[in-house]
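Trainee: Please find one structure pasted underneath; my questions will follow.
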Amino acid sequence: MSQYFSFQWHITDECDQRCKHCYIFSGEGCKELKSMTWKQMTEVVASCEDFCKVYGRVPYFYITGGDPILHPDFWKLMVLLKSKNIPFTLMGNPFHLDDEVCRMLKVCGCDKYQMSLDGMRETHDWFRKPGSFDLTIEKIGCLNRAGIKSVIMSTVSKTNMDEIPDIIDEVVKAKVKVFAFSRYVPIGGEVDTSMTPEEYRKLLEVCDAKYKAYEKAGCETYFNKKDHLWTLYEYET
């Protein structure tokens, strides 16, 4: 079987949240929420298919926004990808998920659904929206029951770095299938909350110890060491 070639695809700015670190609303903010037209989306799918044919690859989409499910043609896109047997991951919010929606997503070929936890309840809801933490934890169950791999991503900064070990405990308890974190990167206009190199290395050390303990215990969660600095850390240790 040919290898996948992955495309990350932003289809809409529409979102239920106004996260403090979101690039869409950073700086002066987003003056107009935009979504791709149906024509544009079909052209993107066709172009990605053509590209992959040239290089002997299979397209794989990471579909994001905003919240992609809020795009007016979201379900048309799901049907189109299903008809072409193109697998995909959705990167969205928990607010519009239930057991029936997750079942339909699975039928359409959804492989993974990624949500965010950027702290424990108080911190996460301050970043994103009141009630977001509890709903995210709840909807992990919907995804797991539908056979969609539940993914939790955390964006780490000085603001929440001390809570990442607790988030790891929370996602393991919720039986999340994949967990990863990446560093917050300011893009202009925001307060710089970056960690020092020493702080970040200490975080990697703490998380590595937790990962190894959970893996030894046979937990269901796969810990994806996404940040390339994990490689440097592991060379050192």
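Ligands are numbered from 1 in the order shown, chains are lettered A, B, ... in the order of the structure tokens, and residues start at 1 in each chain.
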I need the residues of segment 24-213 of chain A that end up classed as helix (DSSP H, G or I) by DSSP on the backbone, written out as a PyMOL selection string.
Mentor: chain A and resi 38-55+68-70+74-83+99-107+121-127+132-146+161-173+197-213
Trainee: Could you make a table, as a Markdown table, of the residues of segment 64-176 of chain A that have an atom within 8 Å of an atom of segment 215-228 of chain A, each with its nearest atom pair and distance in Å to one decimal, counting only C-alpha atoms, in chain and number order?
Mentor:
| residue | atom | partner | partner_atom | distance |
| --- | --- | --- | --- | --- |
| A:Val171 | CA | A:Thr221 | CA | 7.7 |
| A:Val172 | CA | A:Thr221 | CA | 6.0 |
| A:Lys175 | CA | A:Glu220 | CA | 6.1 |
| A:Val176 | CA | A:Thr221 | CA | 5.6 |
Trainee: Mind the document's chain letters and residue numbers, and return as a PyMOL selection string the residues of segment 76-169 of chain A that DSSP labels strand (DSSP E).
Mentor: chain A and resi 88-91+110-116+149-156
Trainee: Between A:Asp99, A:Ile167, A:Ile69, A:Ser150, which residue has the minimum interatomic distance to Arg121 of chain A, considering only C-alpha atoms?
Mentor: A:Ile167
Trainee: I need the residue nearest Asp16 of chain A from this list: A:Glu122, A:Glu138, A:Asp162, A:Asp67. Use only C-alpha atoms for the distance.
Mentor: A:Asp67
Trainee: Can you tell me which residues surround segment 202-205 of chain A at a distance of at most 12 Å, considering only C-alpha atoms, apart from same-chain residues fewer than 3 positions away, and format the answer as a PyMOL selection string?
Mentor: chain A and resi 156-158+160-165+180-183+195-199+208-212+225-234+236-237
Trainee: Any idea what's packed within 9 Å of segment 44-52 of chain A, counting only C-alpha atoms, ignoring anything in its chain fewer than 6 positions away? Could you give it as a ChimeraX atom specification?
Mentor: /A:4-5,7,58-59,80-81
Trainee: With distances taken over only C-alpha atoms, which residue among A:Met36, A:Ala174, A:Cys15, A:Met120 lies nearest Phe95 of chain A?
Mentor: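 Once distances to Phe95 of chain A are computed over only C-alpha atoms, the minimum belongs to A:Cys15.
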Trainee: Between atom CA of Asp134 of chain A and atom CA of Leu90 of chain A, what is the spacing in Å?
Mentor: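 Computed distance, atom CA of Leu90 of chain A to atom CA of Asp134 of chain A, equals 19.8 Å.
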Trainee: Looking at only C-alpha atoms, which of A:Pro87, A:Gly141, A:Pro94, A:Pro186 is the one that sits closest to Lys129 of chain A?
Mentor: A:Pro94
